[in-house]
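Source file: input18.cif (mmCIF, C-alpha atoms)
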```cif
data_input
loop_
_atom_site.group_PDB
_atom_site.id
_atom_site.type_symbol
_atom_site.label_atom_id
_atom_site.label_comp_id
_atom_site.auth_asym_id
_atom_site.auth_seq_id
_atom_site.Cartn_x
_atom_site.Cartn_y
_atom_site.Cartn_z
ATOM 1 C CA MET A 1 0.000 0.000 0.000
ATOM 2 C CA ASN A 2 1.293 3.430 -0.974
ATOM 3 C CA PHE A 3 1.125 5.468 2.260
ATOM 4 C CA LYS A 4 2.073 8.692 0.449
ATOM 5 C CA HIS A 5 -0.873 8.232 -1.873
ATOM 6 C CA LEU A 6 -3.217 7.895 1.100
ATOM 7 C CA VAL A 7 -1.879 11.122 2.588
ATOM 8 C CA PHE A 8 -2.087 12.911 -0.765
ATOM 9 C CA THR A 9 -5.711 12.042 -1.443
ATOM 10 C CA GLY A 10 -6.771 11.905 2.191
ATOM 11 C CA SER A 11 -6.088 15.597 2.750
ATOM 12 C CA ALA A 12 -8.636 16.496 0.095
ATOM 13 C CA ILE A 13 -11.212 14.122 1.569
ATOM 14 C CA LEU A 14 -10.692 15.516 5.074
ATOM 15 C CA THR A 15 -11.005 19.103 3.842
ATOM 16 C CA LEU A 16 -14.224 18.393 1.986
ATOM 17 C CA PHE A 17 -15.653 16.462 4.927
ATOM 18 C CA THR A 18 -14.993 19.192 7.491
ATOM 19 C CA GLN A 19 -16.290 21.911 5.176
ATOM 20 C CA ASN A 20 -19.473 20.037 4.358
ATOM 21 C CA LEU A 21 -20.410 19.732 8.027
ATOM 22 C CA LEU A 22 -21.290 23.439 8.067
ATOM 23 C CA ALA A 23 -21.450 24.566 4.435
ATOM 24 C CA GLN A 24 -24.673 25.470 2.680
ATOM 25 C CA ALA A 25 -25.399 26.882 -0.758
ATOM 26 C CA VAL A 26 -26.428 30.544 -0.968
ATOM 27 C CA CYS A 27 -29.293 30.364 -3.460
ATOM 28 C CA ASP A 28 -30.307 34.018 -3.196
ATOM 29 C CA PRO A 29 -27.019 35.885 -3.739
ATOM 30 C CA GLU A 30 -26.784 39.584 -4.399
ATOM 31 C CA PRO A 31 -27.318 40.226 -8.143
ATOM 32 C CA LEU A 32 -24.069 40.528 -10.098
ATOM 33 C CA ASP A 33 -23.644 43.167 -12.769
ATOM 34 C CA LEU A 34 -21.555 40.852 -14.925
ATOM 35 C CA VAL A 35 -22.141 40.029 -18.579
ATOM 36 C CA PRO A 36 -21.389 36.397 -19.497
ATOM 37 C CA PHE A 37 -18.029 36.146 -21.223
ATOM 38 C CA LEU A 38 -19.531 34.529 -24.319
ATOM 39 C CA ASP A 39 -22.030 37.380 -24.633
ATOM 40 C CA LEU A 40 -19.542 40.185 -23.978
ATOM 41 C CA GLN A 41 -17.264 39.401 -26.951
ATOM 42 C CA THR A 42 -15.825 42.733 -28.189
ATOM 43 C CA GLY A 43 -17.010 44.431 -25.006
ATOM 44 C CA THR A 44 -14.721 44.930 -22.032
ATOM 45 C CA TYR A 45 -14.562 44.114 -18.333
ATOM 46 C CA LEU A 46 -12.533 46.606 -16.295
ATOM 47 C CA GLY A 47 -10.871 47.703 -19.508
ATOM 48 C CA TYR A 48 -10.040 44.230 -20.891
ATOM 49 C CA GLN A 49 -11.724 42.809 -23.963
ATOM 50 C CA ALA A 50 -13.614 39.518 -23.827
ATOM 51 C CA GLY A 51 -14.203 37.034 -26.647
ATOM 52 C CA LEU A 52 -12.734 33.555 -26.743
ATOM 53 C CA TYR A 53 -10.127 34.522 -29.295
ATOM 54 C CA PRO A 54 -8.186 37.682 -30.261
ATOM 55 C CA GLY A 55 -10.274 40.587 -31.493
ATOM 56 C CA GLY A 56 -13.205 39.798 -29.222
ATOM 57 C CA THR A 57 -14.571 36.972 -31.352
ATOM 58 C CA ASN A 58 -15.894 33.604 -30.183
ATOM 59 C CA ILE A 59 -15.035 32.014 -33.532
ATOM 60 C CA LEU A 60 -11.520 30.762 -34.226
ATOM 61 C CA SER A 61 -10.106 31.407 -37.703
ATOM 62 C CA GLY A 62 -6.827 31.826 -39.545
ATOM 63 C CA THR A 63 -3.563 29.958 -39.028
ATOM 64 C CA HIS A 64 -4.407 28.605 -35.582
ATOM 65 C CA LEU A 65 -7.615 27.027 -36.852
ATOM 66 C CA ASN A 66 -5.844 25.524 -39.853
ATOM 67 C CA ASP A 67 -3.094 24.140 -37.639
ATOM 68 C CA ALA A 68 -5.666 22.697 -35.240
ATOM 69 C CA LYS A 69 -7.424 20.915 -38.102
ATOM 70 C CA SER A 70 -4.120 19.602 -39.450
ATOM 71 C CA ILE A 71 -3.025 18.313 -36.047
ATOM 72 C CA ALA A 72 -6.407 16.709 -35.381
ATOM 73 C CA LYS A 73 -6.325 14.996 -38.757
ATOM 74 C CA GLY A 74 -2.849 13.668 -37.998
ATOM 75 C CA ILE A 75 -3.764 12.024 -34.698
ATOM 76 C CA LYS A 76 -3.560 8.249 -35.050
ATOM 77 C CA PRO A 77 -4.117 5.366 -32.597
ATOM 78 C CA LEU A 78 -0.903 4.533 -30.749
ATOM 79 C CA ASP A 79 0.286 1.442 -28.950
ATOM 80 C CA GLY A 80 1.954 1.555 -25.552
ATOM 81 C CA ASP A 81 5.291 2.466 -27.114
ATOM 82 C CA GLY A 82 3.835 5.368 -29.060
ATOM 83 C CA ASN A 83 3.832 3.604 -32.442
ATOM 84 C CA ILE A 84 0.891 3.893 -34.828
ATOM 85 C CA ASN A 85 -1.229 0.775 -34.462
ATOM 86 C CA TYR A 86 -4.649 0.573 -36.082
ATOM 87 C CA GLY A 87 -5.343 -2.812 -34.558
ATOM 88 C CA ASP A 88 -4.693 -2.378 -30.846
ATOM 89 C CA GLY A 89 -3.769 1.305 -30.566
ATOM 90 C CA VAL A 90 -5.834 3.981 -28.870
ATOM 91 C CA VAL A 91 -6.283 7.737 -28.910
ATOM 92 C CA LEU A 92 -6.470 8.581 -25.228
ATOM 93 C CA VAL A 93 -8.239 11.798 -24.198
ATOM 94 C CA ALA A 94 -7.314 12.911 -20.668
ATOM 95 C CA GLY A 95 -9.034 15.321 -18.286
ATOM 96 C CA PHE A 96 -6.923 17.399 -15.852
ATOM 97 C CA GLY A 97 -8.109 19.378 -12.846
ATOM 98 C CA PRO A 98 -9.586 19.098 -9.329
ATOM 99 C CA SER A 99 -12.922 17.609 -8.253
ATOM 100 C CA VAL A 100 -15.396 19.862 -10.091
ATOM 101 C CA PRO A 101 -14.096 19.054 -13.596
ATOM 102 C CA GLY A 102 -13.549 15.496 -12.399
ATOM 103 C CA HIS A 103 -17.292 15.105 -11.908
ATOM 104 C CA ILE A 104 -17.993 16.602 -15.325
ATOM 105 C CA TYR A 105 -15.358 14.464 -17.009
ATOM 106 C CA ASN A 106 -16.734 11.255 -15.538
ATOM 107 C CA SER A 107 -19.850 11.833 -17.662
ATOM 108 C CA PHE A 108 -17.684 12.231 -20.757
ATOM 109 C CA VAL A 109 -15.711 9.068 -19.997
ATOM 110 C CA ASP A 110 -18.957 7.151 -19.570
ATOM 111 C CA LYS A 111 -20.220 8.391 -22.951
ATOM 112 C CA VAL A 112 -16.969 7.376 -24.647
ATOM 113 C CA ARG A 113 -16.779 3.938 -23.055
ATOM 114 C CA ASN A 114 -20.495 3.203 -23.170
ATOM 115 C CA PRO A 115 -21.685 5.005 -26.299
ATOM 116 C CA SER A 116 -25.363 5.067 -27.143
ATOM 117 C CA VAL A 117 -26.660 4.528 -30.648
ATOM 118 C CA THR A 118 -26.678 8.304 -31.159
ATOM 119 C CA TYR A 119 -22.867 8.571 -30.957
ATOM 120 C CA ASP A 120 -20.706 7.819 -33.967
ATOM 121 C CA LEU A 121 -17.387 7.416 -32.178
ATOM 122 C CA ASN A 122 -14.099 6.181 -33.554
ATOM 123 C CA PRO A 123 -13.507 2.739 -31.989
ATOM 124 C CA CYS A 124 -9.919 3.745 -31.190
ATOM 125 C CA LEU A 125 -11.053 6.652 -28.999
ATOM 126 C CA ASP A 126 -10.742 6.228 -25.240
ATOM 127 C CA ALA A 127 -10.965 8.677 -22.343
ATOM 128 C CA ILE A 128 -9.500 8.797 -18.857
ATOM 129 C CA ASN A 129 -10.212 11.041 -15.877
ATOM 130 C CA LEU A 130 -6.923 12.314 -14.416
ATOM 131 C CA CYS A 131 -8.508 14.905 -12.122
ATOM 132 C CA ILE A 132 -7.611 14.820 -8.423
ATOM 133 C CA GLY A 133 -9.989 16.332 -5.894
ATOM 134 C CA GLY A 134 -8.707 19.229 -3.810
ATOM 135 C CA LYS A 135 -5.572 19.726 -5.904
ATOM 136 C CA ASP A 136 -5.334 23.116 -7.572
ATOM 137 C CA ILE A 137 -2.980 23.964 -10.417
ATOM 138 C CA ASN A 138 -0.070 24.625 -8.061
ATOM 139 C CA TYR A 139 0.206 20.905 -7.293
ATOM 140 C CA GLY A 140 1.207 20.381 -10.926
ATOM 141 C CA ILE A 141 3.947 23.024 -10.986
ATOM 142 C CA ASP A 142 5.277 23.434 -7.433
ATOM 143 C CA ASP A 143 8.880 22.185 -7.191
ATOM 144 C CA THR A 144 8.083 20.279 -3.998
ATOM 145 C CA LEU A 145 4.853 18.683 -5.286
ATOM 146 C CA TYR A 146 4.804 18.248 -9.029
ATOM 147 C CA GLU A 147 6.776 14.997 -9.287
ATOM 148 C CA PHE A 148 4.385 13.237 -6.955
ATOM 149 C CA TYR A 149 1.338 14.878 -8.573
ATOM 150 C CA TRP A 150 2.286 13.750 -12.073
ATOM 151 C CA GLN A 151 3.217 10.297 -10.840
ATOM 152 C CA ALA A 152 -0.191 10.001 -9.175
ATOM 153 C CA ILE A 153 -2.032 10.730 -12.407
ATOM 154 C CA LEU A 154 0.346 8.542 -14.417
ATOM 155 C CA ASP A 155 -0.650 5.714 -12.081
ATOM 156 C CA LYS A 156 -4.250 6.276 -13.201
ATOM 157 C CA VAL A 157 -3.164 5.786 -16.798
ATOM 158 C CA THR A 158 -1.260 2.574 -16.148
ATOM 159 C CA ASP A 159 -4.062 1.248 -13.941
ATOM 160 C CA VAL A 160 -6.325 1.021 -17.010
ATOM 161 C CA GLY A 161 -3.634 -0.664 -19.102
ATOM 162 C CA CYS A 162 -2.461 2.389 -21.038
ATOM 163 C CA THR A 163 0.757 4.392 -21.128
ATOM 164 C CA ALA A 164 1.708 8.056 -21.146
ATOM 165 C CA ALA A 165 2.622 7.705 -24.833
ATOM 166 C CA GLN A 166 -1.046 7.134 -25.734
ATOM 167 C CA VAL A 167 -2.360 10.413 -24.279
ATOM 168 C CA GLN A 168 -2.805 12.692 -27.309
ATOM 169 C CA ILE A 169 -5.669 15.019 -26.389
ATOM 170 C CA GLY A 170 -6.269 16.829 -23.104
ATOM 171 C CA TRP A 171 -8.859 18.989 -21.382
ATOM 172 C CA MET A 172 -8.030 21.120 -18.345
ATOM 173 C CA TYR A 173 -10.085 23.182 -15.880
ATOM 174 C CA PHE A 174 -8.363 24.677 -12.847
ATOM 175 C CA ASN A 175 -8.696 27.193 -10.065
ATOM 176 C CA GLU A 176 -6.049 28.529 -7.703
ATOM 177 C CA ARG A 177 -6.596 28.008 -4.010
ATOM 178 C CA GLY A 178 -5.458 30.221 -1.172
ATOM 179 C CA LEU A 179 -7.149 33.586 -1.770
ATOM 180 C CA THR A 180 -8.082 35.254 1.505
ATOM 181 C CA GLU A 181 -9.751 38.269 -0.084
ATOM 182 C CA PRO A 182 -11.346 39.100 -3.441
ATOM 183 C CA PRO A 183 -8.839 38.880 -6.302
ATOM 184 C CA VAL A 184 -7.278 41.978 -7.838
ATOM 185 C CA PHE A 185 -7.935 42.148 -11.564
ATOM 186 C CA PRO A 186 -6.015 41.773 -13.793
ATOM 187 C CA ASP A 187 -3.092 40.944 -11.478
ATOM 188 C CA ASN A 188 -4.397 37.631 -10.150
ATOM 189 C CA SER A 189 -5.597 36.508 -13.577
ATOM 190 C CA LEU A 190 -2.207 37.276 -15.107
ATOM 191 C CA GLU A 191 -0.428 35.368 -12.341
ATOM 192 C CA LEU A 192 -2.699 32.410 -12.970
ATOM 193 C CA THR A 193 -1.964 32.632 -16.692
ATOM 194 C CA GLU A 194 1.685 32.047 -15.851
ATOM 195 C CA SER A 195 0.684 28.998 -13.794
ATOM 196 C CA TYR A 196 -1.374 27.665 -16.691
ATOM 197 C CA ILE A 197 1.602 27.926 -19.036
ATOM 198 C CA GLN A 198 3.837 26.092 -16.582
ATOM 199 C CA PHE A 199 1.227 23.348 -16.134
ATOM 200 C CA ILE A 200 0.866 22.930 -19.896
ATOM 201 C CA ASN A 201 4.646 22.572 -20.209
ATOM 202 C CA LYS A 202 4.647 19.892 -17.508
ATOM 203 C CA ALA A 203 1.802 18.080 -19.253
ATOM 204 C CA LYS A 204 3.815 18.037 -22.481
ATOM 205 C CA ASP A 205 6.891 16.771 -20.611
ATOM 206 C CA TYR A 206 5.015 13.871 -19.028
ATOM 207 C CA TYR A 207 2.814 13.149 -22.051
ATOM 208 C CA PRO A 208 5.110 13.788 -25.031
ATOM 209 C CA ASN A 209 2.489 12.864 -27.647
ATOM 210 C CA LEU A 210 -0.042 15.347 -26.298
ATOM 211 C CA GLN A 211 -1.148 17.229 -29.433
ATOM 212 C CA LEU A 212 -4.244 19.221 -28.454
ATOM 213 C CA MET A 213 -5.252 20.761 -25.138
ATOM 214 C CA TYR A 214 -8.715 22.209 -24.614
ATOM 215 C CA ILE A 215 -9.062 24.652 -21.711
ATOM 216 C CA SER A 216 -12.296 25.545 -19.933
ATOM 217 C CA SER A 217 -12.845 28.449 -17.597
ATOM 218 C CA ARG A 218 -14.739 27.996 -14.363
ATOM 219 C CA HIS A 219 -18.486 27.959 -13.831
ATOM 220 C CA PHE A 220 -20.579 30.392 -11.782
ATOM 221 C CA GLY A 221 -19.358 30.725 -8.182
ATOM 222 C CA GLY A 222 -21.975 33.059 -6.732
ATOM 223 C CA PHE A 223 -23.885 30.299 -4.937
ATOM 224 C CA ALA A 224 -20.816 29.211 -2.925
ATOM 225 C CA ASP A 225 -21.219 29.105 0.843
ATOM 226 C CA THR A 226 -19.449 32.036 2.472
ATOM 227 C CA THR A 227 -18.049 29.844 5.270
ATOM 228 C CA LEU A 228 -15.951 27.706 2.905
ATOM 229 C CA THR A 229 -12.225 27.909 3.593
ATOM 230 C CA GLU A 230 -11.576 28.597 -0.079
ATOM 231 C CA TYR A 231 -14.538 30.938 -0.516
ATOM 232 C CA TYR A 232 -12.633 33.794 -2.200
ATOM 233 C CA SER A 233 -10.932 31.338 -4.556
ATOM 234 C CA LEU A 234 -14.253 29.845 -5.667
ATOM 235 C CA ALA A 235 -16.783 32.655 -5.488
ATOM 236 C CA GLU A 236 -17.317 35.709 -7.644
ATOM 237 C CA PRO A 237 -15.594 37.533 -9.153
ATOM 238 C CA ALA A 238 -12.750 34.969 -9.110
ATOM 239 C CA SER A 239 -14.692 32.459 -11.204
ATOM 240 C CA TYR A 240 -15.760 35.118 -13.710
ATOM 241 C CA GLN A 241 -12.242 36.521 -14.032
ATOM 242 C CA ASN A 242 -10.909 33.041 -14.778
ATOM 243 C CA ASN A 243 -12.295 33.527 -18.295
ATOM 244 C CA TRP A 244 -9.492 36.012 -18.956
ATOM 245 C CA THR A 245 -6.853 33.636 -17.636
ATOM 246 C CA VAL A 246 -7.889 31.066 -20.230
ATOM 247 C CA LYS A 247 -8.221 33.699 -22.963
ATOM 248 C CA TRP A 248 -4.784 35.167 -22.307
ATOM 249 C CA THR A 249 -3.110 31.742 -22.131
ATOM 250 C CA ILE A 250 -4.450 30.778 -25.538
ATOM 251 C CA GLU A 251 -3.691 34.202 -27.007
ATOM 252 C CA GLU A 252 -0.060 33.914 -25.913
ATOM 253 C CA GLN A 253 0.193 30.890 -28.181
ATOM 254 C CA ILE A 254 -1.816 32.324 -31.080
ATOM 255 C CA ASN A 255 0.282 35.498 -31.059
ATOM 256 C CA ALA A 256 3.528 33.507 -30.633
ATOM 257 C CA THR A 257 4.596 35.765 -27.769
ATOM 258 C CA ASP A 258 5.886 33.004 -25.462
ATOM 259 C CA ILE A 259 8.325 30.361 -26.727
ATOM 260 C CA ARG A 260 7.121 28.038 -23.976
ATOM 261 C CA LEU A 261 3.880 27.609 -25.925
ATOM 262 C CA LYS A 262 5.554 26.623 -29.203
ATOM 263 C CA TYR A 263 3.466 23.762 -30.593
ATOM 264 C CA LYS A 264 4.938 22.982 -34.018
ATOM 265 C CA GLY A 265 8.293 22.397 -35.602
ATOM 266 C CA ALA A 266 11.181 20.640 -33.904
ATOM 267 C CA SER A 267 10.876 19.974 -30.159
ATOM 268 C CA PRO A 268 7.501 21.608 -29.393
ATOM 269 C CA ASN A 269 7.046 22.771 -25.809
ATOM 270 C CA ALA A 270 3.264 22.539 -25.697
ATOM 271 C CA PRO A 271 0.225 21.070 -27.417
ATOM 272 C CA LEU A 272 -1.924 23.352 -29.548
ATOM 273 C CA LEU A 273 -4.360 25.172 -27.249
ATOM 274 C CA LEU A 274 -8.066 25.673 -27.862
ATOM 275 C CA TRP A 275 -11.060 26.730 -25.805
ATOM 276 C CA GLY A 276 -13.101 23.919 -24.346
ATOM 277 C CA PRO A 277 -16.688 24.428 -23.102
ATOM 278 C CA ASN A 278 -17.289 27.796 -21.461
ATOM 279 C CA PHE A 279 -19.373 27.227 -18.343
ATOM 280 C CA TRP A 280 -19.888 30.710 -16.905
ATOM 281 C CA CYS A 281 -23.335 32.242 -16.960
ATOM 282 C CA ASN A 282 -24.826 34.706 -14.476
ATOM 283 C CA ALA A 283 -26.666 32.448 -12.036
ATOM 284 C CA GLU A 284 -30.189 31.712 -13.208
ATOM 285 C CA GLN A 285 -30.133 34.293 -16.019
ATOM 286 C CA LYS A 286 -29.955 32.751 -19.477
ATOM 287 C CA ARG A 287 -26.948 33.889 -21.440
ATOM 288 C CA MET A 288 -27.684 35.117 -24.930
ATOM 289 C CA TRP A 289 -25.085 32.957 -26.674
ATOM 290 C CA ASP A 290 -26.776 29.611 -26.062
ATOM 291 C CA LYS A 291 -29.489 30.127 -23.392
ATOM 292 C CA LYS A 292 -27.430 28.295 -20.786
ATOM 293 C CA ARG A 293 -28.339 28.983 -17.153
ATOM 294 C CA TYR A 294 -27.879 27.470 -13.707
ATOM 295 C CA ASP A 295 -30.515 26.584 -11.160
ATOM 296 C CA CYS A 296 -29.094 26.703 -7.660
ATOM 297 C CA GLU A 297 -31.307 23.958 -6.263
ATOM 298 C CA THR A 298 -30.753 21.451 -9.074
ATOM 299 C CA SER A 299 -27.397 22.421 -10.587
ATOM 300 C CA PHE A 300 -25.309 22.736 -7.414
ATOM 301 C CA ASN A 301 -24.582 20.623 -4.377
ATOM 302 C CA PRO A 302 -26.675 22.162 -1.564
ATOM 303 C CA GLU A 303 -23.873 21.455 0.931
ATOM 304 C CA ASP A 304 -21.423 23.919 -0.606
ATOM 305 C CA GLY A 305 -23.077 25.675 -3.535
ATOM 306 C CA TYR A 306 -20.047 25.096 -5.749
ATOM 307 C CA HIS A 307 -19.731 21.445 -6.704
ATOM 308 C CA LEU A 308 -22.136 20.518 -9.476
ATOM 309 C CA THR A 309 -24.812 17.858 -9.191
ATOM 310 C CA ASP A 310 -24.958 14.767 -11.363
ATOM 311 C CA MET A 311 -27.792 16.414 -13.296
ATOM 312 C CA GLN A 312 -25.611 19.380 -14.210
ATOM 313 C CA ASP A 313 -22.613 17.186 -14.969
ATOM 314 C CA GLY A 314 -24.648 15.500 -17.662
ATOM 315 C CA LYS A 315 -25.539 18.855 -19.247
ATOM 316 C CA ASP A 316 -21.944 20.074 -19.227
ATOM 317 C CA ALA A 317 -20.335 16.854 -20.404
#
```
Can you present the structure in this file as structure tokens?
Amino acid sequence: MNFKHLVFTGSAILTLFTQNLLAQAVCDPEPLDLVPFLDLQTGTYLGYQAGLYPGGTNILSGTHLNDAKSIAKGIKPLDGDGNINYGDGVVLVAGFGPSVPGHIYNSFVDKVRNPSVTYDLNPCLDAINLCIGGKDINYGIDDTLYEFYWQAILDKVTDVGCTAAQVQIGWMYFNERGLTEPPVFPDNSLELTESYIQFINKAKDYYPNLQLMYISSRHFGGFADTTLTEYYSLAEPASYQNNWTVKWTIEEQINATDIRLKYKGASPNAPLLLWGPNFWCNAEQKRMWDKKRYDCETSFNPEDGYHLTDMQDGKDA
């Protein structure tokens, strides 16, 4: 038995258990004067433009789109040694993050491994949940933690009979724990952008065949219980501002302003980055882009107002 593993995962379980003894969702929060990121587009928040991609647009175009299509077309099933194998090879899609995306990703894994008649999936496609509850992005980049963190998720890969060489597509969703007061924008979002870049580099180091990484920003945090230890890290406006962290990370690569995000040519440092699902909408108000909304009583765990219910996981998967 791996005692270190018990300590690593046990701390998250203990934290959640002690918080849930007292925590309760706040289903009637003060109204927030925040426009959903997908609706804002060319508009600005505190002077900074929204939109998934440069120029305030939600639609990717140009070289980055063409490269994404080319890379996606070039992804082939790999065996455990990373060789193309159409017979026994797989294309492994991995999810990275803490418990909230872990719940969402479980629904995706179930759909991939148990497809209904409505899904036309490539038989070589497989998915694995590499999320670890209670572990924010710093566990993947901290000099004293990252080796154990990445080994822990590698163990998940080998436990299902796969190898790191077979992970070719990723999805990540992270927050940063430890805020003791509301975040300062854009400072905190820029600092988190740096953490995202470091995490992406680590992911490429440990999963050398990782070709595409989708990144999602966080969902609405305004229902979170105010007594939670990590309240300021989860609640608003931290969750809303996380949209800009994702935007700026991807823009660094599109604009080729950070060599650490080089994704093509010899010795790439990162996979190509794209937006994954955008989850933020203003509580129970429907956003214009797609009519998405949250219902506090059915979408969120009543014990903390932040973790999503199984019903909502299915919608977001």
What's the 12 Å shell around A:Glu30, counting all atoms listed in the file, without same-chain residues fewer than 4 positions away, as a PyMOL selection string? chain A and resi 26+34+222-223+236+282-283
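The closest residue to A:Phe199, picked from A:Tyr139, A:Arg218, A:Ser239, A:Lys247 and counting all atoms listed in the file, is A:Tyr139.
Closest to A:Ser233 among A:Ile250, A:Leu273, A:Ala94, A:Leu179 is A:Leu179, based on all atoms listed in the file.
Close contacts of stretch 75-80 of chain A, defined as residues with an atom at most 7 Å away when counting all atoms listed in the file, with chain neighbours fewer than 4 positions off set aside, comprise Ile71, Ile84, Asn85, Tyr86, Asp88, Gly89, Val90, Val91, Cys124, Cys162, Thr163, Ala165 and Gln166 of chain A.
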Enumerate, as a PyMOL selection string, the residues matched when the PyMOL selection byres ((chain A and resi 253) around 10) is run on the file above. chain A and resi 64+197+248-252+254-263+270-274
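Residues with any atom within 9 Å of A:Tyr232, counting all atoms listed in the file and excluding same-chain neighbours fewer than 4 positions away, are Arg177, Gly178, Leu179, Thr180, Glu181, Pro182, Pro183, Thr226, Leu228, Glu236, Pro237 and Ala238 of chain A.
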In Å and to one decimal, atom CA of A:Val100 is distant from atom CA of A:Ala25 by 15.4 Å
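Across the model, the gap from atom CA of A:Ile128 to atom CA of A:Ile153 is 10.1 Å.
Going from atom CA of A:Cys296 to atom CA of A:Gln24 covers 11.3 Å.
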Specify the axis-aligned box that encloses all atoms of stretch 100-107 of chain A listed in the file after padding of 8 Å on each side, stating its centre and edge lengths in Å to one decimal as lines of an AutoDock Vina configuration file.
```
center_x = -16.7
center_y = 15.6
center_z = -13.9
size_x = 22.3
size_y = 24.6
size_z = 23.6
```
Anything within 10 Å of (-5.0, 12.4, -8.5): list those residues as number ranges by chain, counting all atoms listed in the file and sticking to the file's coordinates. A: 5, 8-9, 96-99, 102, 129-135, 148-156
Fewer than 5 positions away in the same chain doesn't count, so skip those; otherwise give me all residues within 10 Å of stretch 113-118 of chain A, counting all atoms listed in the file, as a list in words. Phe108, Pro123, Leu125, Asp126, Ala127 and Ile128 of chain A
Pick from A:Ala72, A:Val184, A:Ile169, A:Met311, whichever lies nearest to A:Tyr214 using all atoms listed in the file: A:Ile169
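Among A:Thr42, A:Thr193, A:Pro29, A:Gly51, the residue with the shortest atom-to-atom distance to A:Gly305, counting only C-alpha atoms, is A:Pro29.
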Could you check the closest approach to A:Asn301 for each of A:Leu234, A:Val160, A:Cys281, A:Ala224 and tell me which residue wins, using all atoms listed in the file? A:Ala224
From the list A:Asn58, A:Trp244, A:Gln285, A:Gly170, the nearest residue to A:Asp187 using all atoms listed in the file is A:Trp244
Reconstruct all heavy atoms of stretch 58-62 of chain A from the incomplete input and present them as a CSV table (one decimal), in the frame of the given file.
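After the write, result-v4.csv holds the following:
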```
chain,number,residue,atom,x,y,z
A,58,ASN,N,-15.8,35.0,-30.7
A,58,ASN,CA,-15.9,33.6,-30.2
A,58,ASN,C,-15.6,32.5,-31.2
A,58,ASN,O,-15.7,31.3,-30.9
A,58,ASN,CB,-17.3,33.4,-29.6
A,58,ASN,CG,-17.6,34.2,-28.4
A,58,ASN,OD1,-16.6,34.6,-27.7
A,58,ASN,ND2,-18.8,34.5,-28.1
A,59,ILE,N,-15.3,32.9,-32.4
A,59,ILE,CA,-15.0,32.0,-33.5
A,59,ILE,C,-13.6,32.0,-33.9
A,59,ILE,O,-13.0,33.0,-34.3
A,59,ILE,CB,-15.9,32.4,-34.8
A,59,ILE,CG1,-17.4,32.5,-34.4
A,59,ILE,CG2,-15.7,31.3,-35.8
A,59,ILE,CD1,-18.0,31.3,-33.8
A,60,LEU,N,-12.9,30.9,-33.8
A,60,LEU,CA,-11.5,30.8,-34.2
A,60,LEU,C,-11.4,30.7,-35.7
A,60,LEU,O,-12.2,30.1,-36.4
A,60,LEU,CB,-10.9,29.5,-33.6
A,60,LEU,CG,-9.4,29.2,-33.9
A,60,LEU,CD1,-8.6,30.3,-33.3
A,60,LEU,CD2,-9.0,27.8,-33.4
A,61,SER,N,-10.4,31.4,-36.3
A,61,SER,CA,-10.1,31.4,-37.7
A,61,SER,C,-8.6,31.5,-37.9
A,61,SER,O,-7.8,31.6,-37.0
A,61,SER,CB,-10.8,32.6,-38.4
A,61,SER,OG,-10.4,33.8,-37.8
A,62,GLY,N,-8.2,31.6,-39.2
A,62,GLY,CA,-6.8,31.8,-39.5
A,62,GLY,C,-5.9,30.6,-39.3
A,62,GLY,O,-6.3,29.5,-39.3
```
